[in-house]
$ cat structure.csv   # CSV, C-alpha atoms
chain,number,residue,atom,x,y,z
L,1,VAL,CA,89.7,171.0,43.4
L,2,SER,CA,92.6,170.0,45.6
L,3,LEU,CA,91.9,172.8,48.0
L,4,VAL,CA,88.2,171.9,48.3
L,5,THR,CA,89.0,168.2,48.7
L,6,LEU,CA,91.5,169.1,51.5
L,7,LEU,CA,89.1,171.2,53.4
L,8,CYS,CA,86.2,168.7,53.1
L,9,SER,CA,88.4,165.8,54.2
L,10,LEU,CA,89.6,167.6,57.2
L,11,SER,CA,86.1,168.6,58.2
L,12,VAL,CA,84.8,165.0,57.9
L,13,ALA,CA,87.7,163.6,59.8
L,14,THR,CA,87.3,166.1,62.7
L,15,ARG,CA,83.6,165.4,63.0
L,16,ALA,CA,84.1,161.6,63.0
L,17,TYR,CA,86.8,161.9,65.6
L,18,ARG,CA,84.6,164.0,67.9
L,19,GLU,CA,81.7,161.4,67.6
L,20,THR,CA,84.0,158.5,68.6
L,21,ARG,CA,83.5,157.4,72.2
L,22,ILE,CA,85.8,154.5,72.5
L,23,GLU,CA,89.2,155.6,73.8
L,24,SER,CA,91.3,153.0,72.0
L,25,VAL,CA,89.7,153.9,68.7
L,26,ARG,CA,90.3,157.6,69.4
L,27,SER,CA,94.0,156.9,70.0
L,28,GLN,CA,94.4,155.0,66.9
L,29,ALA,CA,92.3,157.5,64.9
L,30,LYS,CA,94.9,160.2,65.8
L,31,TRP,CA,97.6,158.3,64.0
L,32,ILE,CA,95.5,157.5,61.0
L,33,ALA,CA,94.1,161.0,60.8
L,34,PHE,CA,97.6,162.5,61.0
L,35,GLY,CA,98.9,160.3,58.2
L,36,ILE,CA,96.0,161.1,55.9
L,37,ALA,CA,96.1,164.8,56.8
L,38,GLN,CA,99.8,165.2,56.0
L,39,LEU,CA,99.2,163.4,52.7
L,40,LEU,CA,96.4,165.8,51.8
L,41,VAL,CA,98.2,168.9,52.9
L,42,VAL,CA,101.6,168.1,51.5
L,43,ALA,CA,100.3,166.7,48.2
L,44,SER,CA,97.8,169.6,47.8
L,45,ILE,CA,100.4,172.3,48.5
L,46,THR,CA,103.4,170.9,46.6
L,47,ASP,CA,101.5,169.4,43.6
L,48,ALA,CA,98.6,171.7,43.1
L,49,ILE,CA,98.3,174.9,45.0
L,50,LEU,CA,101.8,176.3,44.8
L,51,PRO,CA,102.2,175.3,41.1
L,52,PHE,CA,98.9,177.0,40.4
L,53,PHE,CA,100.4,180.3,41.6
L,54,GLY,CA,103.6,179.7,39.7
L,55,VAL,CA,105.8,178.7,42.6
L,56,VAL,CA,108.2,175.9,41.7
L,57,VAL,CA,108.8,173.4,44.5
L,58,PRO,CA,109.6,169.7,44.7
L,59,GLN,CA,106.4,167.5,44.2
L,60,LEU,CA,106.2,165.5,47.4
L,61,ALA,CA,102.9,163.6,46.9
L,62,THR,CA,104.8,160.2,46.4
L,63,THR,CA,106.8,160.8,49.5
L,64,SER,CA,103.6,161.7,51.5
L,65,TYR,CA,102.0,158.4,50.3
L,66,ALA,CA,105.0,156.5,51.7
L,67,ALA,CA,104.8,158.4,55.0
L,68,THR,CA,101.1,157.7,55.3
L,69,GLY,CA,101.8,154.0,54.7
L,70,VAL,CA,104.4,154.0,57.5
L,71,LEU,CA,102.0,155.7,59.9
L,72,LEU,CA,99.2,153.3,59.2
L,73,ALA,CA,101.6,150.3,59.7
L,74,LEU,CA,102.8,151.7,63.0
L,75,SER,CA,99.2,152.4,64.2
L,76,MET,CA,98.1,148.8,63.3
L,77,HIS,CA,101.2,147.4,65.0
L,78,ARG,CA,100.5,149.4,68.2
L,79,PHE,CA,96.7,149.3,68.4
L,80,GLY,CA,95.7,146.3,66.2
L,81,TYR,CA,93.0,146.3,63.5
L,82,SER,CA,90.0,147.5,65.5
L,83,ILE,CA,89.2,150.4,63.1
L,84,LEU,CA,90.0,148.7,59.8
L,85,SER,CA,88.3,145.4,60.5
L,86,PRO,CA,85.0,145.9,62.4
L,87,GLY,CA,83.7,142.6,61.1
L,88,THR,CA,86.4,140.7,63.1
L,89,PHE,CA,85.5,142.8,66.2
L,90,SER,CA,81.8,141.9,65.8
L,91,ARG,CA,82.6,138.3,65.4
L,92,GLU,CA,84.6,138.3,68.7
L,93,ILE,CA,81.7,139.9,70.5
L,94,GLY,CA,79.3,137.3,69.1
L,95,ASP,CA,81.5,134.4,70.2
L,96,ALA,CA,81.7,135.9,73.7
L,97,MET,CA,77.9,135.6,74.1
L,98,SER,CA,76.5,132.6,76.0
L,99,GLU,CA,73.4,132.7,73.8
L,100,GLY,CA,73.2,131.6,70.2
L,101,LEU,CA,73.4,134.3,67.5
L,102,LEU,CA,72.2,133.9,63.9
L,103,LEU,CA,72.6,136.6,61.2
L,104,LEU,CA,70.1,135.9,58.4
L,105,ARG,CA,69.5,137.2,54.9
L,106,MET,CA,66.1,138.4,54.0
L,107,ASP,CA,65.4,135.1,52.2
L,108,GLY,CA,65.8,133.3,55.5
L,109,ARG,CA,69.3,131.8,54.8
L,110,ILE,CA,72.0,131.9,57.4
L,111,ARG,CA,74.7,134.4,56.8
L,112,SER,CA,76.7,133.5,59.9
L,113,ALA,CA,76.4,131.9,63.4
L,114,ASN,CA,78.3,132.3,66.6
L,115,ALA,CA,80.1,129.8,68.8
L,116,GLY,CA,77.2,129.7,71.3
L,117,LEU,CA,74.8,128.3,68.7
L,118,SER,CA,77.4,125.7,67.7
L,119,ARG,CA,77.6,124.6,71.3
L,120,MET,CA,73.9,124.3,71.6
L,121,ILE,CA,73.5,122.2,68.4
L,122,GLY,CA,76.8,120.3,68.7
L,123,GLN,CA,78.0,121.1,65.1
L,124,PRO,CA,80.6,123.5,63.7
L,125,ARG,CA,79.2,126.8,62.7
L,126,GLU,CA,80.5,126.5,59.1
L,127,GLN,CA,77.9,123.7,58.5
L,128,HIS,CA,75.0,126.2,59.1
L,129,GLU,CA,76.2,129.0,56.8
L,130,GLY,CA,74.0,129.1,53.6
L,131,ARG,CA,71.3,126.8,55.0
L,132,ASN,CA,67.7,127.9,55.5
L,133,VAL,CA,67.0,128.8,59.1
L,134,ASN,CA,64.0,126.5,59.2
L,135,GLU,CA,66.3,123.5,58.8
L,136,ILE,CA,67.7,124.0,62.3
L,137,LEU,CA,65.0,126.2,64.0
L,138,GLN,CA,61.3,125.2,64.3
L,139,LEU,CA,59.6,128.6,64.5
L,140,PRO,CA,56.8,129.2,61.9
L,141,ARG,CA,56.5,132.8,62.8
L,142,LEU,CA,60.0,133.5,61.5
L,143,ASP,CA,59.0,132.8,57.9
L,144,PRO,CA,58.9,135.3,56.4
L,145,PRO,CA,61.5,137.1,58.5
L,146,ARG,CA,60.0,139.5,61.0
L,147,GLU,CA,60.8,140.9,64.5
L,148,LEU,CA,60.0,138.7,67.4
L,149,ARG,CA,60.5,138.9,71.2
L,150,ASP,CA,60.8,135.9,73.5
L,151,GLN,CA,59.0,133.5,71.1
L,152,ARG,CA,59.1,129.9,72.1
L,153,GLY,CA,60.6,127.5,69.5
L,154,GLN,CA,62.7,124.4,69.1
L,155,LEU,CA,66.3,124.0,67.9
L,156,ILE,CA,67.2,120.9,66.1
L,157,GLY,CA,70.3,119.3,67.5
L,158,ALA,CA,73.0,117.3,65.7
L,159,GLY,CA,71.3,114.0,66.6
L,160,GLY,CA,67.8,115.2,65.7
L,161,GLU,CA,66.8,116.0,69.3
L,162,LEU,CA,64.6,119.0,69.9
L,163,ILE,CA,66.0,121.7,72.2
L,164,PRO,CA,63.5,124.1,73.7
L,165,VAL,CA,64.6,127.7,73.1
L,166,SER,CA,63.4,131.3,73.3
L,167,VAL,CA,63.9,133.4,70.2
L,168,THR,CA,64.3,137.2,69.9
L,169,ALA,CA,64.7,138.6,66.3
L,170,SER,CA,65.5,142.1,65.2
L,171,LEU,CA,65.6,143.5,61.7
L,172,LEU,CA,69.0,144.9,60.5
L,173,ARG,CA,68.8,148.0,58.4
L,174,ASP,CA,71.4,149.7,56.3
L,175,GLY,CA,72.3,153.5,56.3
L,176,ARG,CA,69.3,154.2,54.0
L,177,GLY,CA,66.8,152.4,56.4
L,178,ALA,CA,66.3,149.4,54.0
L,179,ASP,CA,65.9,146.0,55.6
L,180,GLY,CA,69.1,144.1,55.1
L,181,GLY,CA,68.7,141.0,57.2
L,182,LEU,CA,67.8,139.6,60.6
L,183,ALA,CA,69.7,139.2,63.9
L,184,VAL,CA,68.3,136.2,65.8
L,185,ILE,CA,69.2,135.5,69.5
L,186,VAL,CA,68.5,132.0,70.6
L,187,ARG,CA,68.4,131.2,74.4
L,188,ASP,CA,68.6,127.6,75.6
L,189,LEU,CA,65.6,126.8,77.9
L,190,ARG,CA,66.5,123.2,78.9
L,191,GLU,CA,67.7,124.2,82.4
L,192,ILE,CA,64.7,126.5,82.9
L,193,GLU,CA,62.2,123.8,81.8
L,194,ALA,CA,63.9,121.2,84.0
L,195,LEU,CA,63.6,123.6,86.9
L,196,GLN,CA,59.9,124.2,86.1
L,197,SER,CA,59.3,120.5,86.1
L,198,ARG,CA,61.0,120.1,89.5
L,199,LEU,CA,58.8,123.0,90.8
L,200,VAL,CA,55.7,121.3,89.5
L,201,LEU,CA,56.7,118.0,91.1
L,202,SER,CA,57.5,119.8,94.3
L,203,GLY,CA,54.0,121.5,94.2
L,204,ARG,CA,52.4,118.1,93.7
L,205,MET,CA,54.3,116.6,96.5
L,206,ALA,CA,53.3,119.4,98.8
L,207,ALA,CA,49.7,118.8,97.9
L,208,VAL,CA,50.1,115.1,98.6
L,209,GLY,CA,51.7,116.0,101.9
L,210,GLN,CA,48.7,118.3,102.8
L,211,LEU,CA,46.3,115.5,101.9
L,212,ALA,CA,48.2,113.0,104.0
L,213,ALA,CA,48.2,115.3,107.0
L,214,GLY,CA,44.5,115.8,106.6
L,215,VAL,CA,43.9,112.0,106.3
L,216,ALA,CA,46.1,111.4,109.4
L,217,HIS,CA,44.2,114.0,111.4
L,218,GLU,CA,40.8,112.6,110.4
L,219,VAL,CA,41.8,109.0,111.1
L,220,ASN,CA,43.5,109.8,114.4
L,221,ASN,CA,40.5,111.4,116.0
L,222,PRO,CA,38.2,108.3,115.9
L,223,ALA,CA,41.1,105.9,116.5
L,224,SER,CA,41.9,107.8,119.7
L,225,TYR,CA,38.5,107.6,121.3
L,226,VAL,CA,38.0,104.0,120.1
L,227,ARG,CA,41.3,103.1,121.8
L,228,SER,CA,40.3,104.9,125.0
L,229,ASN,CA,36.9,103.1,125.0
L,230,ILE,CA,38.5,99.7,124.5
L,231,LEU,CA,41.0,100.3,127.3
L,232,MET,CA,38.1,101.2,129.6
L,233,LEU,CA,36.2,98.1,128.4
L,234,ARG,CA,39.1,95.9,129.2
L,235,GLU,CA,39.2,97.2,132.8
L,236,TYR,CA,35.4,96.5,133.1
L,237,TRP,CA,36.0,93.0,131.6
L,238,LYS,CA,38.6,92.1,134.2
L,239,SER,CA,36.0,92.6,137.0
L,240,ALA,CA,33.2,90.9,135.1
L,241,GLU,CA,35.1,88.1,133.5
L,242,ALA,CA,34.4,85.5,136.2
L,243,HIS,CA,30.6,86.0,136.0
L,244,VAL,CA,30.3,86.1,132.1
L,245,ARG,CA,30.1,83.0,130.0
L,246,PHE,CA,31.7,84.7,127.0
L,247,ALA,CA,35.2,83.4,127.7
L,248,ASP,CA,36.8,84.8,124.5
L,249,GLY,CA,36.0,88.4,125.4
L,250,ARG,CA,39.5,89.2,126.7
L,251,GLU,CA,41.1,87.9,123.6
L,252,LEU,CA,38.8,89.9,121.4
L,253,ILE,CA,39.6,93.1,123.3
L,254,ASP,CA,43.3,92.4,123.0
L,255,GLU,CA,43.0,91.9,119.3
L,256,SER,CA,41.0,95.2,119.0
L,257,LEU,CA,43.7,97.0,120.9
L,258,GLU,CA,46.4,95.6,118.6
L,259,GLY,CA,44.4,96.8,115.6
L,260,ILE,CA,44.1,100.3,117.1
L,261,GLU,CA,47.9,100.3,117.8
L,262,ARG,CA,48.6,99.5,114.1
L,263,ILE,CA,46.3,102.3,113.0
L,264,SER,CA,48.1,104.7,115.3
L,265,ALA,CA,51.5,103.6,113.8
L,266,ILE,CA,50.2,104.2,110.3
L,267,VAL,CA,48.9,107.6,111.3
L,268,ASP,CA,52.3,108.4,112.7
L,269,GLN,CA,54.0,107.4,109.5
L,270,ILE,CA,51.7,109.5,107.5
L,271,ARG,CA,52.4,112.5,109.7
L,272,ARG,CA,56.2,112.1,109.2
L,273,PHE,CA,55.7,111.8,105.5
L,274,SER,CA,53.5,115.0,105.4
L,275,ARG,CA,56.2,116.9,107.3
L,276,GLY,CA,58.8,115.9,104.7

$ encode --input "structure.csv" --output "structure tokens"
Amino acid sequence: VSLVTLLCSLSVATRAYRETRIESVRSQAKWIAFGIAQLLVVASITDAILPFFGVVVPQLATTSYAATGVLLALSMHRFGYSILSPGTFSREIGDAMSEGLLLLRMDGRIRSANAGLSRMIGQPREQHEGRNVNEILQLPRLDPPRELRDQRGQLIGAGGELIPVSVTASLLRDGRGADGGLAVIVRDLREIEALQSRLVLSGRMAAVGQLAAGVAHEVNNPASYVRSNILMLREYWKSAEAHVRFADGRELIDESLEGIERISAIVDQIRRFSRG
């Protein structure tokens, strides 16, 4: 039994090491693998295999346990706890995300939340754990839990304000393929919606500018030839003024020219506005 256990353990450890792609994990794995291997080899030989063949040797299993503990302690001191505590590593990755991250149970309750979601809502993440996701996220299609992609919803802030968000959800499955929960990524859309509103306003202003330019053009054409005609009429009036009884004609012509000048000024203002 000891011999079969030794061979199987070494085979599994070798395969796991070859499949590891992260260099820091491979370096630490060498220390841990060596510590476990020497325990298996020494304990198997001195406490099982040699005694089985009648060879009397000191039993070194206890010493090997101590050596394994020392090697594990040295590896953790040098490389940290990346292999032995993947949950902490995952939490650090989640906190480094700018988006919000929710891990849900299949009943829709929040298992954990990252720092990004806490910043969006304005509450500590501990207050969300154990709550139903519908209490902070208005998204009917998430109940019951299912996979979503870029679904619009609203996040409920600490003060009750509604924050527009985009939600992507993926099912989490265990090693047997059974659904074990839901990973929900929440993206804040407030800046995007504000930009869209500014673009819509800009489009409307551009349309108003085009309308103003068209109005200015249409008004300017008749105003131009009316002004030209009145100027010509004033010249005619100067020569005919002494022979015509209508003494107020010059004053009326001057008032008409003043009105035309005001129309021209308005048209010029509209043109400057439309360029803006």

$ closest_residue --input "structure.csv" --among "L:Phe273, L:Trp31, L:Tyr225, L:Trp237" --to "Leu211 (chain L)" --atoms "only C-alpha atoms"
L:Phe273

$ closest_residue --input "structure.csv" --among "L:Leu101, L:Ala113, L:Met232, L:Met76" --to "Ile185 (chain L)" --atoms "all atoms listed in the file"
L:Leu101

$ residues_around --input "structure.csv" --residues "Glu126 (chain L)" --least-positions-apart "2" --cutoff "10 Å" --atoms "only C-alpha atoms" --output "list of chain:residue names"
L:Ser112, L:Ala113, L:Asn114, L:Ser118, L:Gln123, L:Pro124, L:His128, L:Glu129, L:Gly130

$ residues_around --input "structure.csv" --residues "Ile230 (chain L)" --least-positions-apart "3" --cutoff "8 Å" --atoms "all atoms listed in the file" --output "ChimeraX atom specification"
/L:226-227,233-234,253,256-257

$ closest_residue --input "structure.csv" --among "L:Leu102, L:Leu10, L:Val56, L:Leu148" --to "Arg131 (chain L)" --atoms "all atoms listed in the file"
L:Leu102

$ closest_residue --input "structure.csv" --among "L:Lys30, L:Arg187, L:Arg173, L:Arg250" --to "Gly153 (chain L)" --atoms "only C-alpha atoms"
L:Arg187

$ residues_around --input "structure.csv" --residues "Ala33 (chain L)" --least-positions-apart "2" --cutoff "12 Å" --atoms "all atoms listed in the file" --output "PyMOL selection string"
chain L and resi 9-17+25-31+35-41+68+71-72+75+83

$ closest_residue --input "structure.csv" --among "L:Gly159, L:Ser228, L:Leu104, L:Arg152" --to "Leu171 (chain L)" --atoms "all atoms listed in the file"
L:Leu104
